[in-house]
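Below is work15.cif, which holds mmCIF, C-alpha atoms (C1' of nucleotides).
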data_final
#
loop_
_atom_site.label_atom_id
_atom_site.label_comp_id
_atom_site.auth_asym_id
_atom_site.auth_seq_id
_atom_site.Cartn_x
_atom_site.Cartn_y
_atom_site.Cartn_z
CA MET A 1 0.00 0.00 0.00
CA ALA A 2 1.31 3.44 -0.93
CA ILE A 3 0.76 5.67 2.08
CA ASP A 4 1.23 8.80 0.00
CA GLU A 5 -1.50 7.82 -2.41
CA VAL A 6 -3.84 7.09 0.47
CA PHE A 7 -3.46 10.51 2.03
CA LYS A 8 -3.73 12.23 -1.33
CA ALA A 9 -6.89 10.25 -2.04
CA LEU A 10 -8.38 11.39 1.25
CA ALA A 11 -7.55 15.04 0.58
CA ASP A 12 -10.58 15.55 -1.66
CA PRO A 13 -14.06 15.86 -0.13
CA SER A 14 -15.79 14.13 -3.07
CA ARG A 15 -13.54 11.14 -2.65
CA ARG A 16 -14.21 11.01 1.07
CA ARG A 17 -17.90 11.08 0.27
CA ILE A 18 -17.48 8.18 -2.12
CA LEU A 19 -15.69 6.21 0.58
CA ARG A 20 -18.45 6.96 3.07
CA MET A 21 -21.06 5.79 0.57
CA LEU A 22 -19.18 2.58 -0.10
CA SER A 23 -18.73 1.92 3.60
CA LYS A 24 -22.48 1.28 3.68
CA GLY A 25 -22.33 -1.19 0.82
CA ASP A 26 -21.25 -1.74 -2.76
CA LEU A 27 -22.49 0.63 -5.44
CA THR A 28 -22.18 0.98 -9.19
CA ALA A 29 -20.35 3.92 -10.74
CA GLY A 30 -23.67 5.29 -11.90
CA GLN A 31 -25.30 5.08 -8.49
CA ILE A 32 -22.41 6.99 -6.97
CA GLY A 33 -22.36 9.55 -9.74
CA GLN A 34 -26.05 10.39 -9.22
CA ASP A 35 -25.21 11.82 -5.81
CA PHE A 36 -22.76 14.33 -7.28
CA ASP A 37 -23.08 17.45 -9.36
CA ILE A 38 -19.89 16.78 -11.26
CA SER A 39 -19.60 15.02 -14.62
CA GLY A 40 -19.21 11.30 -15.12
CA PRO A 41 -15.61 11.57 -16.26
CA SER A 42 -14.74 13.59 -13.18
CA ILE A 43 -16.22 10.93 -10.94
CA SER A 44 -14.34 8.34 -12.93
CA HIS A 45 -11.15 10.26 -12.25
CA HIS A 46 -11.88 10.08 -8.54
CA PHE A 47 -12.39 6.33 -8.82
CA ASN A 48 -8.95 6.10 -10.40
CA VAL A 49 -7.35 8.03 -7.57
CA LEU A 50 -9.09 5.84 -5.00
CA LYS A 51 -8.06 2.72 -6.92
CA ALA A 52 -4.45 3.93 -7.11
CA ALA A 53 -4.56 4.18 -3.32
CA GLU A 54 -6.11 0.69 -3.33
CA LEU A 55 -8.89 2.02 -1.11
CA ILE A 56 -11.56 0.75 -3.49
CA ARG A 57 -11.87 -1.97 -6.09
CA GLY A 58 -14.12 -2.18 -9.09
CA ARG A 59 -15.51 -5.31 -10.74
CA ARG A 60 -17.50 -5.33 -13.89
CA ASP A 61 -21.04 -6.69 -13.76
CA GLY A 62 -22.49 -6.50 -17.22
CA GLN A 63 -22.54 -2.91 -18.36
CA GLN A 64 -21.84 -1.57 -14.92
CA ILE A 65 -18.81 -1.38 -12.70
CA VAL A 66 -19.55 -2.22 -9.09
CA TYR A 67 -17.25 -0.51 -6.61
CA SER A 68 -16.50 -1.71 -3.14
CA LEU A 69 -14.30 -0.66 -0.29
CA ASN A 70 -11.04 -2.56 -0.01
CA THR A 71 -11.45 -3.20 3.69
CA THR A 72 -8.00 -4.68 4.13
CA VAL A 73 -6.28 -1.55 2.87
CA VAL A 74 -8.71 0.66 4.75
CA GLN A 75 -7.66 -1.03 7.98
CA ASP A 76 -3.98 -0.60 7.16
CA ALA A 77 -4.55 3.02 6.17
CA LEU A 78 -6.24 3.78 9.47
CA THR A 79 -3.29 2.30 11.32
CA LEU A 80 -0.92 4.54 9.40
CA ILE A 81 -3.10 7.56 10.04
CA LEU A 82 -3.09 6.85 13.75
CA ASP A 83 0.69 6.42 13.57
CA VAL A 84 1.05 10.02 12.45
CA PHE A 85 -0.14 11.12 15.84
CA ALA A 86 0.82 8.27 18.14
CA LYS A 87 3.61 8.78 20.60
CA PRO A 88 5.80 5.64 20.35
CA GLY A 89 6.04 3.74 23.61
CA HIS A 90 2.62 5.11 24.36
CA GLN A 91 0.43 2.29 23.13
CA GLU A 92 -2.83 4.17 22.91
CA THR A 93 -6.10 2.98 21.49
CA PHE A 94 -8.34 5.45 19.78
CA ASP A 95 -10.65 6.08 22.72
CA GLU A 96 -7.85 6.87 25.11
CA THR A 97 -6.92 10.41 26.06
CA MET B 1 -12.35 22.57 13.26
CA ALA B 2 -12.31 22.59 9.48
CA ILE B 3 -12.26 19.00 8.32
CA ASP B 4 -11.19 20.00 4.84
CA GLU B 5 -8.13 21.82 6.14
CA VAL B 6 -7.21 18.83 8.25
CA PHE B 7 -7.19 16.41 5.35
CA LYS B 8 -5.35 18.85 3.12
CA ALA B 9 -2.76 19.30 5.86
CA LEU B 10 -2.29 15.55 6.07
CA ALA B 11 -1.87 15.20 2.31
CA ASP B 12 1.77 16.28 2.37
CA PRO B 13 4.45 13.87 3.67
CA SER B 14 6.60 16.66 5.15
CA ARG B 15 3.67 17.85 7.19
CA ARG B 16 2.93 14.35 8.40
CA ARG B 17 6.55 14.09 9.43
CA ILE B 18 6.28 17.34 11.37
CA LEU B 19 3.23 16.02 13.19
CA ARG B 20 5.03 12.80 14.02
CA MET B 21 7.99 14.77 15.40
CA LEU B 22 5.71 16.95 17.51
CA SER B 23 3.83 13.94 18.84
CA LYS B 24 7.02 13.08 20.72
CA GLY B 25 7.28 16.54 22.25
CA ASP B 26 7.43 20.26 21.52
CA LEU B 27 10.10 21.55 19.14
CA THR B 28 11.23 24.91 17.82
CA ALA B 29 10.84 25.81 14.15
CA GLY B 30 14.61 25.53 13.78
CA GLN B 31 14.81 22.08 15.33
CA ILE B 32 12.15 20.83 12.99
CA GLY B 33 13.71 22.50 9.99
CA GLN B 34 17.06 20.79 10.60
CA ASP B 35 15.45 17.46 9.82
CA PHE B 36 14.40 18.57 6.35
CA ASP B 37 16.17 19.33 3.11
CA ILE B 38 13.77 22.09 2.17
CA SER B 39 14.26 25.80 2.86
CA GLY B 40 13.18 27.61 6.01
CA PRO B 41 10.37 29.49 4.28
CA SER B 42 9.00 26.23 2.88
CA ILE B 43 8.91 24.72 6.35
CA SER B 44 7.27 27.88 7.59
CA HIS B 45 4.62 27.47 4.92
CA HIS B 46 3.95 23.96 6.20
CA PHE B 47 3.57 25.33 9.71
CA ASN B 48 0.97 27.74 8.37
CA VAL B 49 -0.99 24.94 6.73
CA LEU B 50 -0.87 22.90 9.93
CA LYS B 51 -1.91 25.92 11.95
CA ALA B 52 -4.80 26.62 9.55
CA ALA B 53 -5.96 23.09 10.27
CA GLU B 54 -5.46 23.84 13.97
CA LEU B 55 -3.37 20.70 14.26
CA ILE B 56 -0.44 22.59 15.76
CA ARG B 57 0.07 25.77 17.72
CA GLY B 58 3.13 27.97 17.97
CA ARG B 59 4.18 30.14 20.88
CA ARG B 60 7.10 32.51 20.84
CA ASP B 61 9.91 31.90 23.32
CA GLY B 62 12.53 34.56 22.81
CA GLN B 63 13.84 34.36 19.29
CA GLN B 64 12.30 31.00 18.67
CA ILE B 65 8.82 29.74 17.99
CA VAL B 66 8.01 26.57 19.86
CA TYR B 67 5.50 24.35 18.11
CA SER B 68 3.29 21.81 19.77
CA LEU B 69 0.53 19.47 18.74
CA ASN B 70 -2.97 20.69 19.43
CA THR B 71 -4.06 17.41 21.00
CA THR B 72 -7.71 18.39 21.29
CA VAL B 73 -8.05 18.96 17.57
CA VAL B 74 -5.95 15.89 16.83
CA GLN B 75 -8.46 13.77 18.73
CA ASP B 76 -11.40 15.34 16.88
CA ALA B 77 -9.62 14.91 13.57
CA LEU B 78 -9.06 11.23 14.19
CA THR B 79 -12.75 10.79 14.95
CA LEU B 80 -13.65 12.43 11.65
CA ILE B 81 -11.13 10.32 9.80
CA LEU B 82 -12.62 7.17 11.23
CA ASP B 83 -16.06 8.44 10.27
CA VAL B 84 -15.05 8.36 6.62
CA PHE B 85 -14.88 4.60 6.82
CA ALA B 86 -17.30 3.70 9.61
CA LYS B 87 -20.55 2.00 8.77
CA PRO B 88 -23.22 3.86 10.77
CA GLY B 89 -25.11 1.66 13.20
CA HIS B 90 -21.99 -0.42 13.34
CA GLN B 91 -20.25 0.99 16.37
CA GLU B 92 -16.79 -0.31 15.68
CA THR B 93 -13.62 0.44 17.54
CA PHE B 94 -10.42 0.65 15.65
CA ASP B 95 -9.18 -2.86 16.42
CA GLU B 96 -12.31 -4.56 15.25
CA THR B 97 -12.60 -6.27 11.88
"C1'" DA C 1 -25.11 -5.62 -37.03
"C1'" DA C 2 -27.02 -1.30 -35.30
"C1'" DG C 3 -28.32 1.45 -31.59
"C1'" DA C 4 -28.65 2.39 -26.65
"C1'" DT C 5 -26.53 2.50 -22.18
"C1'" DA C 6 -22.58 2.53 -18.73
"C1'" DA C 7 -18.32 3.86 -17.91
"C1'" DT C 8 -13.72 4.93 -19.20
"C1'" DT C 9 -9.65 7.31 -21.36
"C1'" DA C 10 -7.71 11.45 -23.81
"C1'" DG C 11 -6.75 16.03 -23.96
"C1'" DC C 12 -7.43 20.74 -22.36
"C1'" DC C 13 -7.59 24.55 -18.85
"C1'" DA C 14 -7.94 27.25 -14.54
"C1'" DA C 15 -6.88 26.87 -9.79
"C1'" DT C 16 -4.10 25.22 -6.18
"C1'" DC C 17 0.28 23.70 -4.28
"C1'" DA C 18 5.18 23.14 -2.85
"C1'" DT C 19 9.12 25.16 -3.46
"C1'" DC C 20 12.45 28.89 -4.00
"C1'" DT C 21 14.88 33.64 -3.20
"C1'" DA C 22 14.54 38.16 -1.30
"C1'" DA C 23 12.78 41.09 2.04
"C1'" DA C 24 10.68 41.94 6.48
"C1'" DT C 25 9.94 41.27 11.48
"C1'" DA C 26 11.20 40.06 16.13
"C1'" DT C 27 14.34 39.11 19.66
"C1'" DA C 28 18.98 38.86 21.73
"C1'" DC C 29 23.68 40.34 22.43
"C1'" DT C 30 27.44 43.51 22.76
"C1'" DA D 1 22.54 51.78 18.38
"C1'" DG D 2 24.23 48.00 15.56
"C1'" DT D 3 24.73 43.28 14.36
"C1'" DA D 4 23.60 38.44 14.55
"C1'" DT D 5 20.07 34.89 14.88
"C1'" DA D 6 15.35 32.84 14.28
"C1'" DT D 7 11.48 32.88 11.79
"C1'" DT D 8 7.99 34.74 8.90
"C1'" DT D 9 5.82 37.10 4.90
"C1'" DA D 10 5.89 38.43 -0.05
"C1'" DG D 11 6.13 37.28 -4.56
"C1'" DA D 12 7.47 34.26 -8.42
"C1'" DT D 13 7.54 29.68 -10.74
"C1'" DG D 14 6.91 24.85 -12.20
"C1'" DA D 15 4.11 20.81 -11.07
"C1'" DT D 16 -0.13 18.76 -9.77
"C1'" DT D 17 -5.01 18.74 -9.44
"C1'" DG D 18 -10.03 18.71 -10.36
"C1'" DG D 19 -13.07 19.95 -13.53
"C1'" DC D 20 -14.85 19.96 -18.41
"C1'" DT D 21 -16.05 18.11 -23.38
"C1'" DA D 22 -15.16 14.80 -26.92
"C1'" DA D 23 -13.96 10.35 -28.16
"C1'" DT D 24 -13.43 5.43 -26.99
"C1'" DT D 25 -14.47 0.87 -25.03
"C1'" DA D 26 -17.54 -2.63 -23.32
"C1'" DT D 27 -21.91 -4.62 -22.79
"C1'" DC D 28 -26.74 -5.30 -23.70
"C1'" DT D 29 -30.89 -5.34 -26.65
"C1'" DT D 30 -33.41 -5.70 -30.73
#

Here is the file; what I need is its structure written in the form of structure tokens.
Amino acid sequence: MAIDEVFKALADPSRRRILRMLSKGDLTAGQIGQDFDISGPSISHHFNVLKAAELIRGRRDGQQIVYSLNTTVVQDALTLILDVFAKPGHQETFDET
Amino acid sequence: MAIDEVFKALADPSRRRILRMLSKGDLTAGQIGQDFDISGPSISHHFNVLKAAELIRGRRDGQQIVYSLNTTVVQDALTLILDVFAKPGHQETFDET
DNA sequence: AAGATAATTAGCCAATCATCTAAATATACT
DNA sequence: AGTATATTTAGATGATTGGCTAATTATCTT
């Protein structure tokens, strides 16, 4: 997993919205696009960025591409995000102060 | 806290490195800068981005500016980051699969 | 095989970003 | 007051980004 790609992918609000949508379940490109005011190609570009970060995966189902969250990478990404802030030798879980 | 600023701040590897350094303890601008190959003004720009996201705070101590992590905002930011991936109604902690 | 639908890739453009050098500001020292 | 040190702000520049339209690819339907 490329940490840099992950953080860059998360930098855009549309992409974060896509991730949030997919966290509730798989969706086709079209279903996702309907929720946005931007053009199809622009959405497609966001899919590419998210795929480059390996945060999502797409599989073709007939005419449509069904996108789903790559939960494995999402877990790893969250670990790395927490690492940015974690004091080493201070094994803290998220809820801890 | 401006979520958008937070994610933009995290998008740059130098800024993530700064945060990691500060998570171990406060440091002056100069001490941080020594660890980087980029110019002073560039580092200063990164401080500004991190300050805009309220992730760090700087206080003057004589000639130096001492930077520290804004732990309150860091906590809130982590919550928001987790929200990007969390299925609602599925109260999951970080360690859970 | 022709046309419709779903989505992508290609190519362009304006806006943003990370970096730089030069100049400015703030504090300390002599 | 004058100089050195620490850091920032100002302004410029090349690279990256997010958006668009047009064209392409893949699949389905008739």

Do a neighbour search on Phe85 in chain A at 6 Å with all atoms listed in the file, toss out local chain neighbours closer than 3 positions, and write the hits as an mmCIF file with C-alpha atoms, in the frame of the given file.
data_model
loop_
_atom_site.group_PDB
_atom_site.id
_atom_site.type_symbol
_atom_site.label_atom_id
_atom_site.label_comp_id
_atom_site.auth_asym_id
_atom_site.auth_seq_id
_atom_site.Cartn_x
_atom_site.Cartn_y
_atom_site.Cartn_z
ATOM 1 C CA LEU A 82 -3.090 6.850 13.750
ATOM 2 C CA ARG B 20 5.030 12.800 14.020
ATOM 3 C CA SER B 23 3.830 13.940 18.840
#

- Name the residues captured by the PyMOL selection byres ((chain D) within 9 of (chain A)) when it is applied to the shown file; answer as a PyMOL selection string. chain D and resi 18-20+26-28

- Task: Could the residues of chain C within 9 Å of chain B, counting all atoms listed in the file, be given as number ranges by chain, please?
- Result: C: 18-20, 26-28

Given the PyMOL selection byres ((chain A) within 12 of (chain B)) and the file above, list the residues it selects as an mmCIF file with C-alpha atoms, in the frame of the given file.
data_model
loop_
_atom_site.group_PDB
_atom_site.id
_atom_site.type_symbol
_atom_site.label_atom_id
_atom_site.label_comp_id
_atom_site.auth_asym_id
_atom_site.auth_seq_id
_atom_site.Cartn_x
_atom_site.Cartn_y
_atom_site.Cartn_z
ATOM 1 C CA ALA A 2 1.310 3.440 -0.930
ATOM 2 C CA ILE A 3 0.760 5.670 2.080
ATOM 3 C CA ASP A 4 1.230 8.800 0.000
ATOM 4 C CA GLU A 5 -1.500 7.820 -2.410
ATOM 5 C CA VAL A 6 -3.840 7.090 0.470
ATOM 6 C CA PHE A 7 -3.460 10.510 2.030
ATOM 7 C CA LYS A 8 -3.730 12.230 -1.330
ATOM 8 C CA ALA A 9 -6.890 10.250 -2.040
ATOM 9 C CA LEU A 10 -8.380 11.390 1.250
ATOM 10 C CA ALA A 11 -7.550 15.040 0.580
ATOM 11 C CA ASP A 12 -10.580 15.550 -1.660
ATOM 12 C CA PRO A 13 -14.060 15.860 -0.130
ATOM 13 C CA SER A 14 -15.790 14.130 -3.070
ATOM 14 C CA ARG A 15 -13.540 11.140 -2.650
ATOM 15 C CA ARG A 16 -14.210 11.010 1.070
ATOM 16 C CA ARG A 17 -17.900 11.080 0.270
ATOM 17 C CA ILE A 18 -17.480 8.180 -2.120
ATOM 18 C CA LEU A 19 -15.690 6.210 0.580
ATOM 19 C CA ARG A 20 -18.450 6.960 3.070
ATOM 20 C CA MET A 21 -21.060 5.790 0.570
ATOM 21 C CA LEU A 22 -19.180 2.580 -0.100
ATOM 22 C CA SER A 23 -18.730 1.920 3.600
ATOM 23 C CA LYS A 24 -22.480 1.280 3.680
ATOM 24 C CA GLY A 25 -22.330 -1.190 0.820
ATOM 25 C CA LEU A 55 -8.890 2.020 -1.110
ATOM 26 C CA ILE A 56 -11.560 0.750 -3.490
ATOM 27 C CA SER A 68 -16.500 -1.710 -3.140
ATOM 28 C CA LEU A 69 -14.300 -0.660 -0.290
ATOM 29 C CA ASN A 70 -11.040 -2.560 -0.010
ATOM 30 C CA THR A 71 -11.450 -3.200 3.690
ATOM 31 C CA THR A 72 -8.000 -4.680 4.130
ATOM 32 C CA VAL A 73 -6.280 -1.550 2.870
ATOM 33 C CA VAL A 74 -8.710 0.660 4.750
ATOM 34 C CA GLN A 75 -7.660 -1.030 7.980
ATOM 35 C CA ASP A 76 -3.980 -0.600 7.160
ATOM 36 C CA ALA A 77 -4.550 3.020 6.170
ATOM 37 C CA LEU A 78 -6.240 3.780 9.470
ATOM 38 C CA THR A 79 -3.290 2.300 11.320
ATOM 39 C CA LEU A 80 -0.920 4.540 9.400
ATOM 40 C CA ILE A 81 -3.100 7.560 10.040
ATOM 41 C CA LEU A 82 -3.090 6.850 13.750
ATOM 42 C CA ASP A 83 0.690 6.420 13.570
ATOM 43 C CA VAL A 84 1.050 10.020 12.450
ATOM 44 C CA PHE A 85 -0.140 11.120 15.840
ATOM 45 C CA ALA A 86 0.820 8.270 18.140
ATOM 46 C CA LYS A 87 3.610 8.780 20.600
ATOM 47 C CA PRO A 88 5.800 5.640 20.350
ATOM 48 C CA GLY A 89 6.040 3.740 23.610
ATOM 49 C CA HIS A 90 2.620 5.110 24.360
ATOM 50 C CA GLU A 92 -2.830 4.170 22.910
ATOM 51 C CA THR A 93 -6.100 2.980 21.490
ATOM 52 C CA PHE A 94 -8.340 5.450 19.780
ATOM 53 C CA ASP A 95 -10.650 6.080 22.720
ATOM 54 C CA GLU A 96 -7.850 6.870 25.110
ATOM 55 C CA THR A 97 -6.920 10.410 26.060
#

Do you know which residues the PyMOL selection byres ((chain C and resi 9-13) around 8) returns on this file, as a short mmCIF file (atom, residue, chain, number, x, y, z; two decimals) with C-alpha atoms (C1' of nucleotides), in the coordinates of the input?
data_model
loop_
_atom_site.label_atom_id
_atom_site.label_comp_id
_atom_site.auth_asym_id
_atom_site.auth_seq_id
_atom_site.Cartn_x
_atom_site.Cartn_y
_atom_site.Cartn_z
"C1'" DT C 8 -13.72 4.93 -19.20
"C1'" DA C 14 -7.94 27.25 -14.54
"C1'" DA D 23 -13.96 10.35 -28.16
"C1'" DT D 24 -13.43 5.43 -26.99
#

- Note on the structure: Students should find that CA of Ser44 in chain A and CA of Arg57 in chain A are spaced 12.6 Å

- Query: By how many Å are CA of Asp26 in chain A and CA of Ile65 in chain A apart?
  - Reply: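 So the two atoms, CA of Asp26 in chain A and CA of Ile65 in chain A, lie 10.2 Å apart.
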
Both chains have the same sequence, so superpose chain B on chain A over all Cα atoms paired in order and return it as a tab-separated table (two decimals) with C-alpha atoms, in the coordinates of the input.
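Contents of selection17.tsv, as written:
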chain	number	residue	atom	x	y	z
B	1	MET	CA	0.03	0.01	0.11
B	2	ALA	CA	1.30	3.45	-0.80
B	3	ILE	CA	0.71	5.70	2.17
B	4	ASP	CA	1.20	8.81	0.08
B	5	GLU	CA	-1.53	7.79	-2.34
B	6	VAL	CA	-3.86	7.09	0.54
B	7	PHE	CA	-3.52	10.53	2.05
B	8	LYS	CA	-3.77	12.22	-1.32
B	9	ALA	CA	-6.93	10.23	-2.01
B	10	LEU	CA	-8.41	11.39	1.28
B	11	ALA	CA	-7.59	15.03	0.58
B	12	ASP	CA	-10.61	15.53	-1.66
B	13	PRO	CA	-14.10	15.82	-0.12
B	14	SER	CA	-15.82	14.09	-3.06
B	15	ARG	CA	-13.57	11.11	-2.64
B	16	ARG	CA	-14.23	10.97	1.07
B	17	ARG	CA	-17.92	11.03	0.28
B	18	ILE	CA	-17.49	8.13	-2.13
B	19	LEU	CA	-15.71	6.14	0.56
B	20	ARG	CA	-18.46	6.89	3.04
B	21	MET	CA	-21.09	5.73	0.54
B	22	LEU	CA	-19.19	2.52	-0.15
B	23	SER	CA	-18.74	1.83	3.55
B	24	LYS	CA	-22.48	1.20	3.64
B	25	GLY	CA	-22.34	-1.26	0.76
B	26	ASP	CA	-21.25	-1.79	-2.83
B	27	LEU	CA	-22.50	0.63	-5.49
B	28	THR	CA	-22.19	1.00	-9.24
B	29	ALA	CA	-20.34	3.95	-10.77
B	30	GLY	CA	-23.69	5.33	-11.93
B	31	GLN	CA	-25.31	5.10	-8.51
B	32	ILE	CA	-22.43	6.98	-6.98
B	33	GLY	CA	-22.37	9.55	-9.74
B	34	GLN	CA	-26.05	10.40	-9.22
B	35	ASP	CA	-25.20	11.80	-5.82
B	36	PHE	CA	-22.77	14.33	-7.26
B	37	ASP	CA	-23.06	17.47	-9.32
B	38	ILE	CA	-19.85	16.82	-11.20
B	39	SER	CA	-19.55	15.09	-14.57
B	40	GLY	CA	-19.19	11.35	-15.11
B	41	PRO	CA	-15.57	11.61	-16.23
B	42	SER	CA	-14.70	13.61	-13.11
B	43	ILE	CA	-16.21	10.93	-10.91
B	44	SER	CA	-14.33	8.34	-12.91
B	45	HIS	CA	-11.13	10.24	-12.23
B	46	HIS	CA	-11.88	10.07	-8.51
B	47	PHE	CA	-12.39	6.33	-8.81
B	48	ASN	CA	-8.95	6.10	-10.39
B	49	VAL	CA	-7.35	8.02	-7.54
B	50	LEU	CA	-9.09	5.81	-4.99
B	51	LYS	CA	-8.06	2.72	-6.90
B	52	ALA	CA	-4.45	3.94	-7.08
B	53	ALA	CA	-4.57	4.16	-3.30
B	54	GLU	CA	-6.09	0.67	-3.30
B	55	LEU	CA	-8.90	1.97	-1.12
B	56	ILE	CA	-11.56	0.71	-3.52
B	57	ARG	CA	-11.87	-1.99	-6.13
B	58	GLY	CA	-14.14	-2.17	-9.14
B	59	ARG	CA	-15.52	-5.27	-10.80
B	60	ARG	CA	-17.52	-5.28	-13.99
B	61	ASP	CA	-21.06	-6.63	-13.85
B	62	GLY	CA	-22.55	-6.39	-17.30
B	63	GLN	CA	-22.58	-2.79	-18.39
B	64	GLN	CA	-21.86	-1.51	-14.95
B	65	ILE	CA	-18.81	-1.35	-12.74
B	66	VAL	CA	-19.55	-2.21	-9.15
B	67	TYR	CA	-17.27	-0.51	-6.65
B	68	SER	CA	-16.51	-1.74	-3.19
B	69	LEU	CA	-14.28	-0.73	-0.34
B	70	ASN	CA	-11.04	-2.64	-0.05
B	71	THR	CA	-11.45	-3.26	3.67
B	72	THR	CA	-8.00	-4.76	4.13
B	73	VAL	CA	-6.27	-1.65	2.87
B	74	VAL	CA	-8.71	0.56	4.75
B	75	GLN	CA	-7.66	-1.10	7.99
B	76	ASP	CA	-3.96	-0.67	7.17
B	77	ALA	CA	-4.54	2.93	6.17
B	78	LEU	CA	-6.22	3.72	9.45
B	79	THR	CA	-3.27	2.25	11.33
B	80	LEU	CA	-0.89	4.48	9.39
B	81	ILE	CA	-3.08	7.50	9.99
B	82	LEU	CA	-3.06	6.86	13.70
B	83	ASP	CA	0.71	6.45	13.54
B	84	VAL	CA	1.03	10.05	12.41
B	85	PHE	CA	-0.17	11.15	15.81
B	86	ALA	CA	0.81	8.30	18.12
B	87	LYS	CA	3.59	8.81	20.61
B	88	PRO	CA	5.80	5.70	20.32
B	89	GLY	CA	6.09	3.74	23.54
B	90	HIS	CA	2.69	5.08	24.37
B	91	GLN	CA	0.45	2.30	23.18
B	92	GLU	CA	-2.78	4.22	22.98
B	93	THR	CA	-6.08	3.08	21.62
B	94	PHE	CA	-8.26	5.53	19.87
B	95	ASP	CA	-10.56	6.30	22.80
B	96	GLU	CA	-7.78	7.14	25.17
B	97	THR	CA	-6.81	10.70	26.04

- Message: If I take CA of Ala53 in chain B and CA of Thr28 in chain B, how far is one from the other in Å, to one decimal?
- Response: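 Pair CA of Ala53 in chain B / CA of Thr28 in chain B returns 18.9 Å.
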
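Within the 10 Å cut-off around range 22-24 of chain C, using only C-alpha atoms (C1' of nucleotides) and omitting residues fewer than 6 positions from it on the same chain, the listed residues are DT8, DT9, DA10 and DG11 of chain D.
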
Export of prior selection with C-alpha atoms (C1' of nucleotides) as a compact mmCIF listing (two decimals), keeping the file's coordinate frame:
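Contents of out.txt, freshly written:
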# COMPACT_ATOMS: atom_id res chain seq x y z
C1' DT D 8 7.99 34.74 8.90
C1' DT D 9 5.82 37.10 4.90
C1' DA D 10 5.89 38.43 -0.05
C1' DG D 11 6.13 37.28 -4.56
